[in-house]
Each structure stands twice: as C-alpha cells, then as structure tokens.
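Below you'll find the structure, written out as structure tokens, and then a few comments.
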Amino acid sequence: MNGFWLNDEQQAIRDAVLKLCARFDADYWRRTDESGEFPEAFVSAMGEAGWLGAAMPTELGGAGLGLTEAAIVMQAVSESGAGFSGASALHLNIFGPMPLARFGTEAQKQRLIPRLISGEDKMCFGVTEPDAGLDTTSLKTRAVRTNEGYLISGRKMWTTMAQRATKMLILARTTPKAEVKRATDGISLFYVDFDRDRIQAKPIPKMGRKAIESNAVFIDDLAVPADALVGEEGRGFYYLLEGLNPERVLVAAEAVGLGRAALKRAAAYAKERVVFARPIGQNQGIAHPLARAWAELEAANLMAFKAAALYDAGLECGAEANAAKYLAGEAGFRACETAVLTHGGMGYAKEFDVERYFREAMIARIAPVSREMILNFIAERVLGLPKSY
C-alpha cells in the first residue's frame with residue numbers, strides 16, 4: 001500500500017478477485033450454508049486462477065506475494081458476499097503452509113508445498129485441544145519417539161477441514177511439560193498423512209459457516225516417519241508464534257470485508273424500503289448507525305493494513321496485528337448487527353443474507369484468540385502493566 005491506499009498492482013489484485021467472486025452469487029452461498037456442501041466450485045476457480053499459492057515462495061510454485069496482498073485477496077473474497085464461508089474455504093491454503101515454507105527442509109518444501117498449491121493435497125491444522133484451549137503449552141497430545149520416527153496420540157478441537165484433509169499440520173509434546181525449563185519448550189510440529197485408520201474426525205454442529213466444517217479429532221497411535229518433523233524437535237511452539245500475527249491480520253481483513261458486505265446490503269435496502277411515504281434511510285435512526293458502521297470498519301481496516309505493512313517490512317507487528325483483529329472483529333459484528341436491524345423483520349429472513357453475515361461475524365470475535373487475551377497482550381506488552389493471569 002502507498003500510505004493509505006492500494007497501489008496499481010494491489011488494486012488489480014482486488015479487482016481480479018472481486019471479478020472472479022462475482023461468478024458465485026448470493027444464491028450459491030445461501031445453498032452452501034443451508035446444505036453444508038463444501039464450495040468446491042469456488043475453491044477450484046480460485047485455485048485455477050493461482051490464488052491458493054498467493055503467499056507461497058515463487059520457487060515452490062506460489063506467487064510470492066506479501067501479507068498485504070494476501071489480506072487484499074481474502075478481504076475481497078469476504079466482501080464479495082462469500083463472507084467467512086468463502087474466506088474459510090481458502091484461509092488455510094493462503095498462510096497455513098508457512099511453517100513448512102519457513103522451517104521445513106528443502107526436501108520437505110519441494111515435495112509438499114507444490115501439492116498444497118495445486119490442491120492435490122488438502123491440509124488441516126491441529127492445535128487447539130479440549131482441555132487446553134488458548135493455553136497451548138498445556139496441550140496433551142504426545143509424540144513419542146520410536147525407531148522409525150514417532151507415535152502420536154491425543155485429541156484436537158475445532159480442526160477445520162478435517163473431513164476433507166489428506167494432510168495435517170499438528171502440534172504435539174515430545175517432552176513432558178514437567179521435564180522442560182520453560183513451558184513453551186518440548187512442543188514439536190509435525191506434517192503428517194491424515195490416516196483415517198488412526199485419526200477419527202467428528203464434525204461439530206455450530207451456529208454458522210456450515211459449509212466449512214469444524215471437527216473434534218481423535219488420534220490413536222499414529223505412526224509417522226522421522227521426516228514428518230518440521231524444523232527442530234521441541235521448537236514447535238515458537239514456529240506457531242511466527243504465524244500468529246499473519247493469521248490475526250487475515251482474520252481482521254476478512255471481518256472488515258464481511259462488515260462491508262452487510263453494510264452494502266443494508267444501505268441498498270434503506271434506500272429502497274419505503275415506510276410512512278419515505279425511504280427508511282432518510283431517518284437518522286437508520287442512517288446514523290450505518291454511517292457509524294462505515295467509520296468503524298474503515299478505522300479497523302487501517303490498523304489491519306498497518307500491521308500487514310509492518311510484517312512485510314520485517315518489523316514487529318504484534319500489537320498492531322492483535323489490535324486489528326480486535327477492532328475488526330468488533331466493527332464487523334456491529335456492521336452485521338446493524339444490517340439485520342436495518343432490514344427489520346426481513347433481516348431475520350435467509351433470503352436477504354444479512355442473517356448469515358451476522359452469524360458468521362461471531363467467528364472473528366472468538367477466533368483465533370479471544371478479545372480478552374488480546375487486551376491482556378496490549379496491556380502487558382504495550383502499556384507495561386503487570387501480567388494478570
């Protein structure tokens with residue numbers, strides 16, 4: 001970005017993605033949300049256009065774009081009306097393989113990443129656990145060394161795309177927590193085949209984004225070779241940290257996009273809907289909340305792209321990435337809520353789509369980290385306040 005706006009190349013990326021997304025209208029996304037059918041046609045179209053490898057290195061078949069450009073792509077997808085149903089179908093492909101690209105061996109990169117970019121392999125990421133939640137250092141999934149490699153057993157929660165995955169990037173303890181000096185040590189990262197004889201994935205019924213399933217995953221004595229280890233044994237937690245800021249930025253950009261989609265529909269409805277012989281948008285009780293939603297979305301968007309620019313420049317962006325996720329999650333939610341209320345009773349009807357946006361808006365408030373943990377981070381790292389937990 002050139003200061004506060006997109007340069008010509010970035011604008012071309014946004015326009016191209018929006019043009020592709022226009023082929024998948026509101027009816028398409030409504031059907032996937034109601035049926036739970038994965039948006040295969042959409043993902044295939046994005047793959048054919050080369051967007052699945054947008055952030056991967058060019059030498060591995062990717063486009064080599066930065067986080068800024070990846071955020072532009074994902075925001076355009078969400079803003080098109082695809083919302084989080086569309087964004088989440090792609091999200092893991094954009095930055096998910098980054099630990100492999102950064103910390104994998106040359107052989108791992110050359111063998112594994114092109115298959116993800118082409119769509120030949122589909123990955124899921126096993127991090128969260130039922131008893132650990134945000135306390136990642138307390139995860140209980142174990143990887144025990146064997147003569148051939150490792151034996152992995154444990155449970156994961158909220159694992160997106162596990163029903164479709166052929167591969168899984170998974171965090172597991174290789175050294176018990178009681179035997180390490182720091183709780184963050186002794187955790188390793190593995191890239192494994194999703195062996196359905198040893199891994200069971202059970203979908204979790206949820207309030208939104210039905211087409212992109214989330215799962216409870218049970219791993220029972222999964223034997224993996226030694227070269228399934230990514231990077232050094234015991235350094236997996238630190239590899240995970242490398243990807244946290246980009247993920248927060250992408251979620252923020254997607255949340256802004258979702259809010260914009262809702263706001264566009266609400267403004268159009270407010271101009272067309274006539275009550276008491278005047279369009280409802282002429283009433284300040286309707287107009288002001290919509291105007292406030294626009295201002296909040298734009299402010300959150302600036303923070304998201306500031307964080308992306310810092311990341312691309314190799315600078316520290318933790319505070320900005322966390323703040324962006326917080327601000328965009330809140331602004332996106334309020335925009336979607338305002339859109340439903342602007343429609344009145346029809347906002348509750350599926351045919352106007354804003355009820356789906358409203359349900360999906362909760363995702364960015366909850367995941368991948370809670371609002372409260374973000375405020376803890378800023379309080380401690382930015383304001384220098386004592387740790388509260």
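Naming works like this for the structure tokens: A, B, ... for the chains as they're shown, residue 1 at the start of each chain, ligands 1 onward in shown order.
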
Surrounding residues of stretch 17-20 of chain A excluding itself and chain neighbours under 5 positions, 10 Å, only C-alpha atoms, as a list in words: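 Using only C-alpha atoms, the neighbours found are Gln11, Ala12, Phe42, Ala45, Met46, Ala49, Trp51, Ile72, Val73, Met74, Gln75, Ala76, Val77, Ser78, Glu79, Ser80 and Gly81 of chain A.
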
Which neighbours of stretch 339-353 of chain A fall inside 9 Å, counting only C-alpha atoms, when residues of the same chain fewer than 6 positions from it are skipped, and could you give them as a VMD selection string? chain A and resid 26 to 27 30 81 259 262 to 267 269 to 270 273 280 to 281 286 289 to 290

Since we have the selection now, will you write its residues out, keeping N, CA and C atoms, as a compact mmCIF listing (two decimals), in the first residue's frame?
# COMPACT_ATOMS: atom_id res chain seq x y z
N ALA A 26 -25.22 -14.67 -4.37
CA ALA A 26 -25.79 -14.88 -3.04
C ALA A 26 -26.51 -16.22 -2.95
N ASP A 27 -27.15 -16.63 -4.04
CA ASP A 27 -27.85 -17.93 -4.03
C ASP A 27 -26.87 -19.07 -3.81
N ARG A 30 -25.87 -19.07 -0.16
CA ARG A 30 -27.02 -19.46 0.65
C ARG A 30 -27.22 -20.96 0.61
N GLY A 81 -19.50 -11.06 -0.65
CA GLY A 81 -20.72 -11.71 -0.20
C GLY A 81 -20.48 -13.15 0.18
N GLY A 259 -18.19 -7.12 7.14
CA GLY A 259 -18.95 -5.95 7.54
C GLY A 259 -19.32 -5.08 6.37
N ALA A 262 -22.26 -6.62 4.51
CA ALA A 262 -23.51 -6.39 5.23
C ALA A 262 -23.95 -4.94 5.09
N LEU A 263 -23.00 -4.02 5.19
CA LEU A 263 -23.32 -2.60 5.10
C LEU A 263 -23.86 -2.24 3.71
N LYS A 264 -23.29 -2.83 2.68
CA LYS A 264 -23.75 -2.57 1.32
C LYS A 264 -25.20 -3.00 1.14
N ARG A 265 -25.52 -4.18 1.66
CA ARG A 265 -26.89 -4.66 1.56
C ARG A 265 -27.84 -3.79 2.37
N ALA A 266 -27.41 -3.39 3.55
CA ALA A 266 -28.28 -2.59 4.42
C ALA A 266 -28.55 -1.22 3.82
N ALA A 267 -27.50 -0.59 3.26
CA ALA A 267 -27.68 0.73 2.66
C ALA A 267 -28.62 0.66 1.45
N TYR A 269 -31.00 -1.54 0.98
CA TYR A 269 -32.36 -1.77 1.49
C TYR A 269 -32.93 -0.48 2.06
N ALA A 270 -32.11 0.30 2.76
CA ALA A 270 -32.58 1.54 3.39
C ALA A 270 -32.99 2.58 2.34
N ARG A 273 -36.56 0.64 0.72
CA ARG A 273 -37.69 0.34 1.60
C ARG A 273 -38.41 1.63 2.00
N ILE A 280 -36.69 4.49 4.39
CA ILE A 280 -36.28 4.43 5.80
C ILE A 280 -34.89 5.01 6.02
N GLY A 281 -34.06 5.02 4.97
CA GLY A 281 -32.72 5.59 5.08
C GLY A 281 -32.71 7.10 5.27
N ILE A 286 -31.98 5.25 11.27
CA ILE A 286 -31.43 4.22 10.37
C ILE A 286 -30.08 4.66 9.81
N PRO A 289 -26.63 4.80 12.45
CA PRO A 289 -25.92 3.54 12.74
C PRO A 289 -25.15 2.99 11.54
N LEU A 290 -25.70 3.19 10.33
CA LEU A 290 -24.99 2.73 9.13
C LEU A 290 -23.73 3.55 8.90

Nearest to A:Lys306: which of A:Val249, A:Val256, A:Ala172, A:Cys336 is it, counting only C-alpha atoms?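 Of A:Val249, A:Val256, A:Ala172, A:Cys336, the one nearest A:Lys306 is A:Val249, counting only C-alpha atoms.
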
Between atom CA of A:Ala54 and atom CA of A:Asn245, what distance in Å does the model show, to one decimal?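 Separating atom CA of A:Ala54 from atom CA of A:Asn245 is a distance of 17.4 Å.
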
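Minimum atom-to-atom distances from A:Arg334, A:Lys122, A:Arg14, A:Lys167 to A:Val224 were compared using only C-alpha atoms, and the lowest value belongs to A:Lys167.
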
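The shortest atom-to-atom distance to A:Thr58, with only C-alpha atoms taken into account, belongs to A:Gln110 out of A:Ser388, A:Gln110, A:Ser138, A:Gln163.
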
Determine which residues of stretch 233-377 of chain A DSSP labels as strand (DSSP E or B) from the backbone of this structure, then write them out as a list in words.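 Going through stretch 233-377 of chain A, the strand (DSSP E or B) residues come out as Arg235, Val274, Val275, Arg278 and Pro279 of chain A.
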
Sorted per-residue table, stretch 41-114 of chain A near stretch 206-216 of chain A, closest atoms and distance, 10 Å, only C-alpha atoms, as CSV:
residue,atom,partner,partner_atom,distance
A:Gly83,CA,A:Arg209,CA,9.0
A:Phe84,CA,A:Arg209,CA,6.7
A:Ser85,CA,A:Arg209,CA,5.2
A:Gly86,CA,A:Ile212,CA,8.7
A:Ala87,CA,A:Ile212,CA,9.7
A:Ser88,CA,A:Ile212,CA,6.8
A:Ala89,CA,A:Ile212,CA,6.4

Just-selected residues, C-alpha atoms written as an mmCIF file, in the first residue's frame:
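Saved to again12.cif:
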data_model
loop_
_atom_site.group_PDB
_atom_site.id
_atom_site.type_symbol
_atom_site.label_atom_id
_atom_site.label_comp_id
_atom_site.auth_asym_id
_atom_site.auth_seq_id
_atom_site.Cartn_x
_atom_site.Cartn_y
_atom_site.Cartn_z
ATOM 1 C CA GLY A 83 -18.242 -13.951 3.841
ATOM 2 C CA PHE A 84 -16.463 -16.367 6.119
ATOM 3 C CA SER A 85 -17.947 -19.308 4.194
ATOM 4 C CA GLY A 86 -15.760 -18.327 1.256
ATOM 5 C CA ALA A 87 -12.793 -16.984 3.204
ATOM 6 C CA SER A 88 -12.518 -20.029 5.452
ATOM 7 C CA ALA A 89 -12.561 -22.352 2.455
#

Closest of A:Gly236, A:Gly384, A:Gly318, A:Pro39 to A:Thr175 - atom-to-atom distances counting only C-alpha atoms: A:Gly236

Pick from A:Ala293, A:Ala63, A:Ile199, A:Ala252: nearest to A:Val369, with only C-alpha atoms counted?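 Closest candidate: A:Ala252.
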
Could you name the residues that touch A:Ser118 at 12 Å or less, counting only C-alpha atoms, but leaving out those on the same chain fewer than 6 positions away, as a list in words? Val43, Ser44, Ala45, Met46, Gly47, Glu48, Ala49, Gly50, Trp51, Leu52, Gly53, Ala54, Met56, Leu60, Gly61, Gly62, Asn93 and Leu112 of chain A

Keeping only N, CA and C atoms, write the selected residues to a file as a short mmCIF file (atom, residue, chain, number, x, y, z; two decimals), in the first residue's frame.
data_model
loop_
_atom_site.label_atom_id
_atom_site.label_comp_id
_atom_site.auth_asym_id
_atom_site.auth_seq_id
_atom_site.Cartn_x
_atom_site.Cartn_y
_atom_site.Cartn_z
N VAL A 43 -13.62 -22.89 -4.74
CA VAL A 43 -12.23 -23.15 -4.41
C VAL A 43 -11.44 -23.56 -5.65
N SER A 44 -12.06 -24.37 -6.49
CA SER A 44 -11.39 -24.78 -7.73
C SER A 44 -11.11 -23.58 -8.63
N ALA A 45 -12.08 -22.67 -8.71
CA ALA A 45 -11.90 -21.47 -9.54
C ALA A 45 -10.77 -20.61 -9.00
N MET A 46 -10.70 -20.46 -7.68
CA MET A 46 -9.62 -19.67 -7.07
C MET A 46 -8.28 -20.35 -7.28
N GLY A 47 -8.28 -21.68 -7.23
CA GLY A 47 -7.05 -22.43 -7.46
C GLY A 47 -6.56 -22.29 -8.88
N GLU A 48 -7.48 -22.40 -9.83
CA GLU A 48 -7.12 -22.27 -11.25
C GLU A 48 -6.57 -20.88 -11.56
N ALA A 49 -7.06 -19.89 -10.82
CA ALA A 49 -6.58 -18.52 -11.02
C ALA A 49 -5.26 -18.25 -10.30
N GLY A 50 -4.80 -19.22 -9.52
CA GLY A 50 -3.50 -19.10 -8.87
C GLY A 50 -3.50 -18.47 -7.50
N TRP A 51 -4.68 -18.26 -6.92
CA TRP A 51 -4.73 -17.55 -5.64
C TRP A 51 -4.41 -18.43 -4.45
N LEU A 52 -4.49 -19.75 -4.57
CA LEU A 52 -4.24 -20.62 -3.42
C LEU A 52 -2.78 -20.54 -2.96
N GLY A 53 -1.90 -20.24 -3.88
CA GLY A 53 -0.49 -20.14 -3.50
C GLY A 53 -0.01 -18.70 -3.45
N ALA A 54 -0.91 -17.78 -3.19
CA ALA A 54 -0.57 -16.35 -3.27
C ALA A 54 0.63 -15.98 -2.41
N MET A 56 2.89 -18.14 -1.03
CA MET A 56 3.98 -19.11 -1.03
C MET A 56 5.11 -18.64 -1.96
N LEU A 60 8.55 -22.37 -5.27
CA LEU A 60 7.75 -23.55 -4.94
C LEU A 60 6.42 -23.56 -5.70
N GLY A 61 6.28 -22.63 -6.63
CA GLY A 61 5.06 -22.58 -7.43
C GLY A 61 4.05 -21.55 -6.97
N GLY A 62 4.39 -20.79 -5.93
CA GLY A 62 3.49 -19.76 -5.43
C GLY A 62 3.71 -18.43 -6.13
N ASN A 93 -5.04 -22.42 2.98
CA ASN A 93 -4.14 -22.51 1.83
C ASN A 93 -3.25 -21.28 1.71
N LEU A 112 6.28 -31.14 -0.67
CA LEU A 112 4.97 -30.99 -0.04
C LEU A 112 4.20 -29.74 -0.45
#

To one decimal in Å, tell me the separation between atom CA of A:Arg23 and atom CA of A:Leu6.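 Computing the Euclidean distance for atom CA of A:Arg23 and atom CA of A:Leu6 yields 23.9 Å.
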